[in-house]
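Notes for the one structure printed next.
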Amino acid sequence: MVSKREVRIEGHKRKFLAVVDSTPECEKAIHYAARRVAAIDAHLVLIYVIVPQDFGHWLGVEDVMRSEGRAAADAALAKGMAWCTEFGGITPELVVREGQPAQAIEELIEEDHDIALMVLAAGDDKEGPGPLVSAIAGSSAAFSIPVTVVPATLTDEDIDDLV
């Protein structure tokens with residue numbers, strides 16, 4: 001069941017959601033989202049999902065991997081925040097989750113009723129448009145809000161012209 005969005009309630013403001021990851025198209029999604037939220041006076045949430053590694057009884061290794069995952073998340077979100085400042089002059093809300101990306105993203109959407117749209121960018125790699133875009137296209141991940149997919153072929157100037 002889709003939770004009711006609260007963006008029309010006094011004191012709430014529409015939020016866009018963009019995923020920060022290691023894909024090359026991530027910057028295009030953040031560029032578009034930052035420009036768009038600046039243009040319509042909305043907020044932007046950046047999420048980084050740490051995918052847990054299974055080391056079973058190797059607790060020391062698991063702790064090191066978790067620490068490294070958090071460091072990677074912090075670095076990626078810092079880069080995403082810099083892009084938001086550069087592209088839209090905005091300061092995003094930063095979220096770190098652990099789990100499988102599609103599930104963690106859907107949980108955040110269900111928790112934060114101000115999130116009204118997700119922005120992803122399609123990659124132009126021969127392996128496909130990217131894991132989340134592929135999951136949406138293959139229906140293995142259906143999100144409860146609209147998803148805008150930014151084509152990989154757009155230049156920064158193209159993105160600026162669209163918003």
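As shown in the structure tokens, the chain order sets the letters A, B, ...; within each chain, residues go from 1, and ligands are also counted from 1 in the order they appear.
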
Closest atom pairs, stretch 46-152 of chain A residues within 10 Å of stretch 30-41 of chain A, only C-alpha atoms, as JSON lines:
{"residue": "A:Leu46", "atom": "CA", "partner": "A:Ile30", "partner_atom": "CA", "distance": 8.3}
{"residue": "A:Gly80", "atom": "CA", "partner": "A:Ile30", "partner_atom": "CA", "distance": 7.0}
{"residue": "A:Met81", "atom": "CA", "partner": "A:Ile30", "partner_atom": "CA", "distance": 9.1}
{"residue": "A:Trp83", "atom": "CA", "partner": "A:His31", "partner_atom": "CA", "distance": 6.8}
{"residue": "A:Cys84", "atom": "CA", "partner": "A:Ala34", "partner_atom": "CA", "distance": 5.4}
{"residue": "A:Thr85", "atom": "CA", "partner": "A:Ala34", "partner_atom": "CA", "distance": 8.1}
{"residue": "A:Glu86", "atom": "CA", "partner": "A:His31", "partner_atom": "CA", "distance": 8.6}
{"residue": "A:Phe87", "atom": "CA", "partner": "A:His31", "partner_atom": "CA", "distance": 5.7}
{"residue": "A:Gly88", "atom": "CA", "partner": "A:Arg35", "partner_atom": "CA", "distance": 4.7}
{"residue": "A:Gly89", "atom": "CA", "partner": "A:Ala38", "partner_atom": "CA", "distance": 7.3}
{"residue": "A:Ile90", "atom": "CA", "partner": "A:Ala38", "partner_atom": "CA", "distance": 6.8}
{"residue": "A:Thr91", "atom": "CA", "partner": "A:Ala34", "partner_atom": "CA", "distance": 9.0}
{"residue": "A:Pro92", "atom": "CA", "partner": "A:Ala34", "partner_atom": "CA", "distance": 8.5}
{"residue": "A:Leu117", "atom": "CA", "partner": "A:Ala33", "partner_atom": "CA", "distance": 9.7}
{"residue": "A:Met118", "atom": "CA", "partner": "A:Ala33", "partner_atom": "CA", "distance": 8.6}
{"residue": "A:Val119", "atom": "CA", "partner": "A:Ala33", "partner_atom": "CA", "distance": 6.4}
{"residue": "A:Leu120", "atom": "CA", "partner": "A:Ile30", "partner_atom": "CA", "distance": 8.2}
{"residue": "A:Ala121", "atom": "CA", "partner": "A:Ile30", "partner_atom": "CA", "distance": 8.6}
{"residue": "A:Thr148", "atom": "CA", "partner": "A:Ala33", "partner_atom": "CA", "distance": 9.4}
{"residue": "A:Val149", "atom": "CA", "partner": "A:Tyr32", "partner_atom": "CA", "distance": 9.8}
{"residue": "A:Val150", "atom": "CA", "partner": "A:Tyr32", "partner_atom": "CA", "distance": 7.5}

The selected residues should be written to file as a PDB file, in the first residue's frame (atoms: N, CA and C atoms).
ATOM      1  N   LEU A  46      19.574  12.926  -0.504  1.00  0.00           N
ATOM      2  CA  LEU A  46      20.525  12.015  -1.128  1.00  0.00           C
ATOM      3  C   LEU A  46      20.639  10.782  -0.247  1.00  0.00           C
ATOM      4  N   GLY A  80      28.475  14.183  -3.382  1.00  0.00           N
ATOM      5  CA  GLY A  80      27.109  14.518  -3.797  1.00  0.00           C
ATOM      6  C   GLY A  80      26.684  15.878  -3.276  1.00  0.00           C
ATOM      7  N   MET A  81      27.056  16.179  -2.040  1.00  0.00           N
ATOM      8  CA  MET A  81      26.714  17.484  -1.465  1.00  0.00           C
ATOM      9  C   MET A  81      27.420  18.604  -2.220  1.00  0.00           C
ATOM     10  N   TRP A  83      28.270  18.551  -5.360  1.00  0.00           N
ATOM     11  CA  TRP A  83      27.559  18.701  -6.634  1.00  0.00           C
ATOM     12  C   TRP A  83      26.274  19.504  -6.443  1.00  0.00           C
ATOM     13  N   CYS A  84      25.563  19.260  -5.338  1.00  0.00           N
ATOM     14  CA  CYS A  84      24.320  20.000  -5.071  1.00  0.00           C
ATOM     15  C   CYS A  84      24.593  21.488  -4.924  1.00  0.00           C
ATOM     16  N   THR A  85      25.670  21.818  -4.248  1.00  0.00           N
ATOM     17  CA  THR A  85      26.052  23.217  -4.096  1.00  0.00           C
ATOM     18  C   THR A  85      26.420  23.815  -5.448  1.00  0.00           C
ATOM     19  N   GLU A  86      27.203  23.065  -6.223  1.00  0.00           N
ATOM     20  CA  GLU A  86      27.652  23.550  -7.532  1.00  0.00           C
ATOM     21  C   GLU A  86      26.496  23.712  -8.510  1.00  0.00           C
ATOM     22  N   PHE A  87      25.642  22.716  -8.598  1.00  0.00           N
ATOM     23  CA  PHE A  87      24.601  22.712  -9.625  1.00  0.00           C
ATOM     24  C   PHE A  87      23.351  23.498  -9.243  1.00  0.00           C
ATOM     25  N   GLY A  88      23.008  23.518  -7.951  1.00  0.00           N
ATOM     26  CA  GLY A  88      21.752  24.160  -7.575  1.00  0.00           C
ATOM     27  C   GLY A  88      21.844  25.143  -6.437  1.00  0.00           C
ATOM     28  N   GLY A  89      23.026  25.256  -5.829  1.00  0.00           N
ATOM     29  CA  GLY A  89      23.162  26.147  -4.683  1.00  0.00           C
ATOM     30  C   GLY A  89      22.339  25.691  -3.493  1.00  0.00           C
ATOM     31  N   ILE A  90      22.157  24.380  -3.367  1.00  0.00           N
ATOM     32  CA  ILE A  90      21.312  23.842  -2.294  1.00  0.00           C
ATOM     33  C   ILE A  90      22.120  22.939  -1.370  1.00  0.00           C
ATOM     34  N   THR A  91      21.581  22.729  -0.176  1.00  0.00           N
ATOM     35  CA  THR A  91      22.160  21.792   0.773  1.00  0.00           C
ATOM     36  C   THR A  91      21.169  20.648   0.947  1.00  0.00           C
ATOM     37  N   PRO A  92      21.548  19.443   0.525  1.00  0.00           N
ATOM     38  CA  PRO A  92      20.618  18.319   0.618  1.00  0.00           C
ATOM     39  C   PRO A  92      20.597  17.688   2.001  1.00  0.00           C
ATOM     40  N   LEU A 117       9.180  12.309  -5.421  1.00  0.00           N
ATOM     41  CA  LEU A 117       9.721  11.928  -6.723  1.00  0.00           C
ATOM     42  C   LEU A 117      11.160  11.464  -6.545  1.00  0.00           C
ATOM     43  N   MET A 118      11.539  10.429  -7.291  1.00  0.00           N
ATOM     44  CA  MET A 118      12.917   9.958  -7.279  1.00  0.00           C
ATOM     45  C   MET A 118      13.543  10.248  -8.635  1.00  0.00           C
ATOM     46  N   VAL A 119      14.819  10.660  -8.615  1.00  0.00           N
ATOM     47  CA  VAL A 119      15.556  10.942  -9.842  1.00  0.00           C
ATOM     48  C   VAL A 119      16.695   9.943  -9.961  1.00  0.00           C
ATOM     49  N   LEU A 120      16.723   9.237 -11.078  1.00  0.00           N
ATOM     50  CA  LEU A 120      17.815   8.327 -11.415  1.00  0.00           C
ATOM     51  C   LEU A 120      18.363   8.745 -12.770  1.00  0.00           C
ATOM     52  N   ALA A 121      19.567   8.333 -13.056  1.00  0.00           N
ATOM     53  CA  ALA A 121      20.128   8.569 -14.392  1.00  0.00           C
ATOM     54  C   ALA A 121      20.472   7.227 -15.010  1.00  0.00           C
ATOM     55  N   THR A 148      11.893   9.792 -12.250  1.00  0.00           N
ATOM     56  CA  THR A 148      12.391  10.477 -13.434  1.00  0.00           C
ATOM     57  C   THR A 148      13.745   9.873 -13.777  1.00  0.00           C
ATOM     58  N   VAL A 149      13.903   9.439 -15.022  1.00  0.00           N
ATOM     59  CA  VAL A 149      15.174   8.868 -15.472  1.00  0.00           C
ATOM     60  C   VAL A 149      15.829   9.858 -16.426  1.00  0.00           C
ATOM     61  N   VAL A 150      17.016  10.300 -16.059  1.00  0.00           N
ATOM     62  CA  VAL A 150      17.776  11.252 -16.863  1.00  0.00           C
ATOM     63  C   VAL A 150      18.635  10.457 -17.850  1.00  0.00           C
TER      64      VAL A 150
END

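As for atom CA of A:Ser22 and atom CA of A:Asp63, they are spaced 21.6 Å apart.
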
Option closest in space to A:Arg5, from A:Lys126, A:Arg70, A:His113, A:Arg97 [counting only C-alpha atoms]: A:His113

Two-atom distance - atom CA of A:Val19, atom CA of A:Gly99 (Å): 13.8 Å

9 Å contact set for stretch 71-76 of chain A, only C-alpha atoms, chain neighbours under 4 positions out, as a PyMOL selection string: chain A and resi 20-22+48-50+66-67+80-81+96

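Note that DSSP on the backbone gives strand (DSSP E or B) to these residues of stretch 26-144 of chain A: His43, Leu44, Val45, Leu46, Ile47, Tyr48, Val49, Ile50, Glu93, Leu94, Val95, Val96, Arg97, Glu98, Ile115, Ala116, Leu117, Met118, Val119, Leu120, Ala121, Asp125 and Gly128 of chain A.
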
Take the residues from that selection and write them out as a PDB file, in the first residue's frame, keeping C-alpha atoms.
ATOM      1  CA  HIS A  43      14.185  19.861  -0.940  1.00  0.00           C
ATOM      2  CA  LEU A  44      16.577  17.142  -2.030  1.00  0.00           C
ATOM      3  CA  VAL A  45      17.396  13.958  -0.167  1.00  0.00           C
ATOM      4  CA  LEU A  46      20.525  12.015  -1.128  1.00  0.00           C
ATOM      5  CA  ILE A  47      20.633   8.367  -0.080  1.00  0.00           C
ATOM      6  CA  TYR A  48      23.630   6.055  -0.041  1.00  0.00           C
ATOM      7  CA  VAL A  49      22.935   2.382   0.571  1.00  0.00           C
ATOM      8  CA  ILE A  50      25.670   0.221   2.072  1.00  0.00           C
ATOM      9  CA  GLU A  93      19.480  16.058   3.412  1.00  0.00           C
ATOM     10  CA  LEU A  94      21.847  13.078   3.657  1.00  0.00           C
ATOM     11  CA  VAL A  95      20.715   9.527   4.464  1.00  0.00           C
ATOM     12  CA  VAL A  96      22.774   6.347   4.860  1.00  0.00           C
ATOM     13  CA  ARG A  97      21.068   2.957   4.973  1.00  0.00           C
ATOM     14  CA  GLU A  98      22.252  -0.634   5.042  1.00  0.00           C
ATOM     15  CA  ILE A 115       9.422  12.443  -0.716  1.00  0.00           C
ATOM     16  CA  ALA A 116       7.351  12.821  -3.869  1.00  0.00           C
ATOM     17  CA  LEU A 117       9.721  11.928  -6.723  1.00  0.00           C
ATOM     18  CA  MET A 118      12.917   9.958  -7.279  1.00  0.00           C
ATOM     19  CA  VAL A 119      15.556  10.942  -9.842  1.00  0.00           C
ATOM     20  CA  LEU A 120      17.815   8.327 -11.415  1.00  0.00           C
ATOM     21  CA  ALA A 121      20.128   8.569 -14.392  1.00  0.00           C
ATOM     22  CA  ASP A 125      27.379   1.279 -20.545  1.00  0.00           C
ATOM     23  CA  GLY A 128      22.750  -1.691 -19.401  1.00  0.00           C
TER      24      GLY A 128
END

Residue list (alpha helix (DSSP H), DSSP) for stretch 6-67 of chain A, as number ranges by chain: A: 26-40, 59-67

Output file for the selection above: C-alpha atoms, as an mmCIF file, in the first residue's frame:
data_model
loop_
_atom_site.group_PDB
_atom_site.id
_atom_site.type_symbol
_atom_site.label_atom_id
_atom_site.label_comp_id
_atom_site.auth_asym_id
_atom_site.auth_seq_id
_atom_site.Cartn_x
_atom_site.Cartn_y
_atom_site.Cartn_z
ATOM 1 C CA CYS A 26 25.105 9.352 -10.456
ATOM 2 C CA GLU A 27 26.404 12.887 -11.101
ATOM 3 C CA LYS A 28 23.828 13.448 -13.871
ATOM 4 C CA ALA A 29 20.970 12.447 -11.561
ATOM 5 C CA ILE A 30 22.180 14.775 -8.823
ATOM 6 C CA HIS A 31 22.767 17.582 -11.322
ATOM 7 C CA TYR A 32 19.193 17.319 -12.621
ATOM 8 C CA ALA A 33 17.682 16.920 -9.138
ATOM 9 C CA ALA A 34 19.618 19.848 -7.642
ATOM 10 C CA ARG A 35 18.681 22.178 -10.498
ATOM 11 C CA ARG A 36 15.046 21.071 -10.374
ATOM 12 C CA VAL A 37 14.561 21.464 -6.607
ATOM 13 C CA ALA A 38 16.262 24.873 -6.708
ATOM 14 C CA ALA A 39 13.889 25.936 -9.505
ATOM 15 C CA ILE A 40 10.716 24.894 -7.674
ATOM 16 C CA LEU A 59 32.997 -10.752 13.264
ATOM 17 C CA GLY A 60 36.295 -8.830 13.062
ATOM 18 C CA VAL A 61 36.182 -8.852 9.252
ATOM 19 C CA GLU A 62 32.526 -7.797 9.302
ATOM 20 C CA ASP A 63 33.325 -4.853 11.584
ATOM 21 C CA VAL A 64 36.136 -3.712 9.271
ATOM 22 C CA MET A 65 33.886 -4.043 6.204
ATOM 23 C CA ARG A 66 31.086 -2.113 7.934
ATOM 24 C CA SER A 67 33.548 0.648 8.845
#

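Counting from atom CA of A:Ala42, the distance to atom CA of A:Lys13 is 6.2 Å.
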
Nearest to A:Val133, chosen from A:Leu154, A:Ile159, A:Ala102, A:Ile109, with only C-alpha atoms counted in the distances: A:Ala102
